[in-house]
Structure formats: structure tokens, C-alpha cells
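File shown: protein01.cif (mmCIF, C-alpha atoms).
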data_coords
loop_
_atom_site.label_atom_id
_atom_site.label_comp_id
_atom_site.auth_asym_id
_atom_site.auth_seq_id
_atom_site.Cartn_x
_atom_site.Cartn_y
_atom_site.Cartn_z
CA MET A 1 34.32 2.10 2.19
CA SER A 2 33.45 0.45 5.49
CA THR A 3 30.13 -1.27 6.05
CA ASP A 4 29.02 1.64 8.24
CA ASP A 5 29.47 4.06 5.34
CA GLN A 6 27.38 2.06 2.90
CA VAL A 7 23.84 3.14 2.17
CA ARG A 8 21.48 0.26 2.81
CA THR A 9 18.12 0.10 1.11
CA VAL A 10 15.16 -2.20 1.06
CA GLU A 11 13.16 -1.94 -2.15
CA VAL A 12 9.49 -2.81 -1.83
CA TYR A 13 7.33 -3.41 -4.89
CA ALA A 14 3.73 -2.77 -3.92
CA ASP A 15 0.32 -1.77 -5.18
CA VAL A 16 -2.30 0.21 -3.31
CA LEU A 17 -4.88 -2.48 -4.16
CA CYS A 18 -2.95 -5.23 -2.38
CA PRO A 19 -3.85 -5.97 1.24
CA TRP A 20 -0.66 -8.05 1.53
CA SER A 21 1.30 -4.90 0.65
CA TYR A 22 -0.23 -3.12 3.64
CA ILE A 23 0.29 -6.05 6.00
CA GLY A 24 3.87 -6.40 4.74
CA LYS A 25 4.49 -2.67 5.15
CA ARG A 26 3.41 -2.84 8.76
CA ARG A 27 5.55 -5.92 9.44
CA LEU A 28 8.56 -4.29 7.80
CA GLU A 29 8.11 -1.18 9.94
CA THR A 30 7.98 -3.34 13.07
CA ALA A 31 11.17 -5.17 12.07
CA LEU A 32 12.98 -1.92 11.27
CA ALA A 33 11.87 -0.28 14.51
CA GLY A 34 13.74 -2.99 16.39
CA MET A 35 17.01 -2.05 14.70
CA GLU A 36 19.59 0.48 15.80
CA GLU A 37 19.12 3.75 13.91
CA ARG A 38 22.53 3.51 12.24
CA GLU A 39 21.77 -0.04 11.06
CA ARG A 40 18.27 0.74 9.75
CA PRO A 41 18.06 0.66 5.92
CA GLU A 42 16.19 3.19 3.85
CA VAL A 43 12.88 1.88 2.47
CA VAL A 44 12.38 2.64 -1.22
CA TRP A 45 8.86 2.12 -2.55
CA ARG A 46 8.57 0.83 -6.11
CA SER A 47 5.40 0.83 -8.17
CA TYR A 48 3.67 -2.32 -9.27
CA GLU A 49 0.18 -2.26 -10.76
CA LEU A 50 -1.75 -5.43 -9.97
CA SER A 51 -4.56 -4.55 -12.37
CA PRO A 52 -3.34 -2.02 -14.94
CA ASP A 53 -6.44 -2.61 -17.08
CA GLU A 54 -8.82 -1.80 -14.22
CA GLY A 55 -11.07 1.21 -14.87
CA ARG A 56 -11.25 4.41 -12.87
CA THR A 57 -14.85 3.85 -11.79
CA PRO A 58 -15.24 1.54 -8.79
CA GLY A 59 -17.28 -1.57 -9.47
CA ARG A 60 -17.74 -4.61 -7.29
CA THR A 61 -15.86 -4.98 -4.04
CA ALA A 62 -12.46 -6.59 -3.63
CA ALA A 63 -14.12 -9.38 -1.63
CA GLU A 64 -16.48 -10.07 -4.55
CA ALA A 65 -13.58 -10.08 -7.02
CA MET A 66 -11.68 -12.50 -4.80
CA ALA A 67 -14.65 -14.88 -4.92
CA ASP A 68 -13.96 -15.24 -8.66
CA TRP A 69 -10.29 -16.04 -8.02
CA TRP A 70 -10.62 -18.37 -5.05
CA GLY A 71 -14.13 -19.80 -5.37
CA GLU A 72 -15.29 -21.57 -2.21
CA GLN A 73 -12.09 -20.61 -0.39
CA SER A 74 -12.68 -16.89 -0.84
CA GLY A 75 -14.56 -16.32 2.42
CA ALA A 76 -11.81 -17.93 4.47
CA ARG A 77 -9.07 -16.07 2.58
CA VAL A 78 -10.80 -12.70 2.96
CA GLU A 79 -11.23 -13.39 6.68
CA LEU A 80 -7.55 -14.35 6.93
CA ILE A 81 -6.56 -11.01 5.39
CA HIS A 82 -8.88 -9.16 7.80
CA THR A 83 -7.51 -11.13 10.78
CA LEU A 84 -3.85 -10.65 9.86
CA GLY A 85 -4.51 -6.97 9.19
CA ARG A 86 -6.08 -6.53 12.64
CA ALA A 87 -3.04 -8.25 14.18
CA GLU A 88 -0.94 -5.47 12.63
CA GLY A 89 -3.31 -2.73 13.83
CA LEU A 90 -4.99 -2.33 10.43
CA ASP A 91 -8.74 -2.19 9.86
CA ILE A 92 -8.65 -3.68 6.35
CA ASP A 93 -12.15 -4.11 4.95
CA LEU A 94 -12.31 -5.81 1.57
CA THR A 95 -16.09 -5.38 1.53
CA LEU A 96 -15.50 -1.60 1.26
CA ALA A 97 -12.51 -1.61 -1.10
CA ARG A 98 -13.47 -1.45 -4.78
CA PRO A 99 -10.61 -2.08 -7.24
CA VAL A 100 -9.71 0.76 -9.61
CA ASN A 101 -6.75 1.74 -11.74
CA THR A 102 -3.84 2.82 -9.52
CA PHE A 103 -1.61 4.52 -12.09
CA ASP A 104 -2.28 8.02 -10.76
CA ALA A 105 -1.91 6.83 -7.16
CA HIS A 106 1.57 5.61 -8.07
CA ARG A 107 2.28 8.96 -9.73
CA LEU A 108 1.32 10.68 -6.47
CA ARG A 109 3.68 8.43 -4.53
CA HIS A 110 6.49 9.25 -6.97
CA LEU A 111 5.82 12.97 -6.46
CA ALA A 112 5.90 12.40 -2.71
CA ALA A 113 9.29 10.69 -3.04
CA GLU A 114 10.70 13.91 -4.51
CA HIS A 115 9.68 15.62 -1.26
CA GLY A 116 10.83 12.88 1.11
CA LEU A 117 7.23 11.77 1.82
CA SER A 118 7.03 8.50 -0.10
CA GLY A 119 6.36 6.33 2.95
CA GLN A 120 3.77 8.72 4.35
CA VAL A 121 1.86 8.88 1.07
CA MET A 122 2.05 5.11 0.61
CA GLU A 123 0.63 4.63 4.11
CA ARG A 124 -2.19 7.07 3.46
CA LEU A 125 -3.01 5.55 0.03
CA LEU A 126 -3.16 2.03 1.47
CA ARG A 127 -5.36 3.13 4.35
CA ALA A 128 -7.65 5.18 2.09
CA TYR A 129 -8.27 2.27 -0.27
CA LEU A 130 -8.12 -0.80 1.99
CA CYS A 131 -9.67 0.60 5.17
CA GLU A 132 -11.87 3.49 4.02
CA GLY A 133 -12.96 2.25 0.59
CA ALA A 134 -11.76 5.43 -1.14
CA ASN A 135 -11.49 5.62 -4.93
CA VAL A 136 -7.73 6.05 -5.31
CA SER A 137 -8.06 6.88 -8.99
CA ASP A 138 -10.16 9.97 -8.25
CA PRO A 139 -8.08 13.19 -8.51
CA GLY A 140 -9.89 14.77 -5.56
CA VAL A 141 -9.17 11.76 -3.35
CA LEU A 142 -5.54 11.78 -4.43
CA GLU A 143 -5.20 15.47 -3.65
CA ARG A 144 -6.73 14.97 -0.20
CA VAL A 145 -4.50 11.96 0.51
CA GLY A 146 -1.40 13.86 -0.57
CA VAL A 147 -2.21 16.85 1.63
CA GLU A 148 -3.01 14.59 4.60
CA ALA A 149 0.39 12.93 4.13
CA GLY A 150 2.19 16.29 4.14
CA LEU A 151 2.34 17.41 0.51
CA ASP A 152 1.48 21.00 -0.39
CA GLY A 153 -1.97 21.09 -2.00
#

Could you express the structure from this file as C-alpha cells?
Amino acid sequence: MSTDDQVRTVEVYADVLCPWSYIGKRRLETALAGMEERERPEVVWRSYELSPDEGRTPGRTAAEAMADWWGEQSGARVELIHTLGRAEGLDIDLTLARPVNTFDAHRLRHLAAEHGLSGQVMERLLRAYLCEGANVSDPGVLERVGVEAGLDG
């Protein structure tokens, strides 16, 4: 088999809660857009739960949670995430995002993969949580996100 006949993939392990996942997704898309179509690998999204023990009811904001992790550095780190997000065209707002369990969000993305819409659903999930502050463990939110990404309701 020649190199041209090989299927190339990039596997990305990501969680909807992770702003770095969204920034990295955008940077990956930029890098791939600069490639010739025949050279461009397929992106395969893999599930990774950052906080599998998180509840389904939103509590404090992601910015508040980060204050526990980073202490005095938290304000600067949150601002860095916001700044790097804006540089990629993303309006990440960790003062809106409230961590929740993402198991069902990952299930939705797996369903989307069966319909060739994995990337679209991942994009919409990341935007819903990180930019809009949506509860991505809520079944109604997940249904709306799936439909907006192209899945049949």
C-alpha cells in the first residue's frame, strides 16, 4: 500500500469542560486547513472525563473552581485562557461555565460519530458549555445541541 492509500487519523482526547480542548480544537482545525485535501488526516474524537464524579447540577463557576486549584495565580490563568480563546475566535467565559458531569455529553458525541457529525457536535458542546454557560448534562440542552449540530431530534 502506498502512503497515498493509507488512512491517516489524528485522535484527540478531550472533555467538554476543558477550555484547552476548545483552544486546541481550533488550532488543529487551522493547521489542517493549511494542508492539501488529500494529505489532511481524519480527526477522531475520543472521550475523556476530567471530572467523572461531578454532579449533574451546576454549582460554582469554572473560574471559582480554578481558584481552588491555582490559588493566587488563578486570575492570571483564567485571563490567559480567555485571551488565548479570543485569539482563536472563541468567546470562552469561565465565569459563565459551571462544571457538571459530561458522561451524557460524550454519549451524544458518540451517537453523532455514527452519523458522521462527531466534529460538529463536539464544536457545539464546547461552545455551549464554555461560551454560553449551558448545562451539558441536561437532556434538553443535549437534545438542542445535537439538533443544532445536524442530528435528527

Expansion of the PyMOL selection byres ((chain A and resi 101-112) around 8) into residues, as a count of residues only: 27

Given only C-alpha atoms as the counted atoms, nearest of A:Trp20, A:Arg38, A:Ala134, A:Val145 to Val78 of chain A: A:Trp20

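Distances to Arg98 of chain A were evaluated for A:Arg26, A:Arg86, A:Arg8, A:Arg60 using all atoms listed in the file, and the minimum falls at A:Arg60.
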
Can you measure atom CA of Thr9 of chain A to atom CA of Pro41 of chain A for me? One decimal in Å is fine. 4.8 Å

Name every residue that the PyMOL selection byres ((chain A and resi 61) around 9) selects in this structure, writing the answer as a VMD selection string with chains first and numbers rising. chain A and resid 58 to 60 62 to 66 94 to 99

What lies within 12 Å of segment 29-35 of chain A using all atoms listed in the file, ignoring chain neighbours under 3 positions off, as a ChimeraX atom specification? /A:9-10,12,22-26,38-43,88-89,119,123

Expressed in Å, the length from atom CA of Thr57 of chain A to atom CA of Asn135 of chain A is 7.8 Å

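Comparing the minimum interatomic distances between Glu132 of chain A and each of A:Val147, A:Glu36, A:Asp93, A:Val44, counting only C-alpha atoms, we find that A:Asp93 sits nearest.
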
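The spacing separating atom CA of Ile92 of chain A from atom CA of Val141 of chain A amounts to 18.2 Å.
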
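The residue that comes closest to Leu80 of chain A, out of A:Asp152, A:Ala14, A:Pro19, A:Arg27 and on the basis of only C-alpha atoms, is A:Pro19.
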
Of the candidates A:Gln120, A:Tyr48, A:Trp69, A:Gly150, which shows the shortest atom-to-atom distance to Cys18 of chain A, using only C-alpha atoms? A:Tyr48

Could you put an axis-aligned box around every listed atom of segment 131-139 of chain A, padded by 3 Å on each side, and send me its centre and edge lengths in Å to one decimal, as lines of an AutoDock Vina configuration file?
center_x = -10.3
center_y = 6.9
center_z = -1.9
size_x = 11.2
size_y = 18.6
size_z = 20.2

What would segment 113-128 of chain A look like with N, CA, C and O atoms restored, written as a compact mmCIF listing (two decimals), in the frame of the given file?
# COMPACT_ATOMS: atom_id res chain seq x y z
N ALA A 113 7.89 11.09 -3.21
CA ALA A 113 9.29 10.69 -3.04
C ALA A 113 10.23 11.86 -3.29
O ALA A 113 11.26 11.99 -2.61
N GLU A 114 9.88 12.73 -4.23
CA GLU A 114 10.70 13.91 -4.51
C GLU A 114 10.73 14.88 -3.33
O GLU A 114 11.60 15.73 -3.25
N HIS A 115 9.78 14.74 -2.43
CA HIS A 115 9.68 15.62 -1.26
C HIS A 115 9.96 14.86 0.04
O HIS A 115 9.64 15.37 1.13
N GLY A 116 10.51 13.66 -0.07
CA GLY A 116 10.83 12.88 1.11
C GLY A 116 9.62 12.34 1.86
O GLY A 116 9.71 12.03 3.04
N LEU A 117 8.48 12.21 1.18
CA LEU A 117 7.23 11.77 1.82
C LEU A 117 6.66 10.49 1.22
O LEU A 117 5.47 10.21 1.35
N SER A 118 7.51 9.71 0.58
CA SER A 118 7.03 8.50 -0.10
C SER A 118 6.32 7.54 0.85
O SER A 118 5.23 7.05 0.57
N GLY A 119 6.95 7.25 1.98
CA GLY A 119 6.36 6.33 2.95
C GLY A 119 5.05 6.83 3.53
O GLY A 119 4.10 6.06 3.70
N GLN A 120 4.99 8.13 3.80
CA GLN A 120 3.77 8.72 4.35
C GLN A 120 2.62 8.65 3.35
O GLN A 120 1.48 8.33 3.72
N VAL A 121 2.91 8.93 2.09
CA VAL A 121 1.86 8.88 1.07
C VAL A 121 1.44 7.43 0.82
O VAL A 121 0.26 7.14 0.68
N MET A 122 2.40 6.52 0.80
CA MET A 122 2.05 5.11 0.61
C MET A 122 1.14 4.64 1.74
O MET A 122 0.14 3.97 1.49
N GLU A 123 1.47 5.00 2.96
CA GLU A 123 0.63 4.63 4.11
C GLU A 123 -0.78 5.17 3.94
O GLU A 123 -1.77 4.47 4.12
N ARG A 124 -0.87 6.43 3.57
CA ARG A 124 -2.19 7.07 3.46
C ARG A 124 -2.99 6.49 2.29
O ARG A 124 -4.21 6.32 2.40
N LEU A 125 -2.32 6.17 1.17
CA LEU A 125 -3.01 5.55 0.03
C LEU A 125 -3.56 4.16 0.40
O LEU A 125 -4.71 3.84 0.10
N LEU A 126 -2.73 3.37 1.06
CA LEU A 126 -3.16 2.03 1.47
C LEU A 126 -4.35 2.10 2.42
O LEU A 126 -5.32 1.37 2.27
N ARG A 127 -4.26 3.00 3.39
CA ARG A 127 -5.36 3.13 4.35
C ARG A 127 -6.63 3.63 3.66
O ARG A 127 -7.73 3.13 3.92
N ALA A 128 -6.48 4.62 2.78
CA ALA A 128 -7.65 5.18 2.09
C ALA A 128 -8.38 4.09 1.30
O ALA A 128 -9.61 3.98 1.37
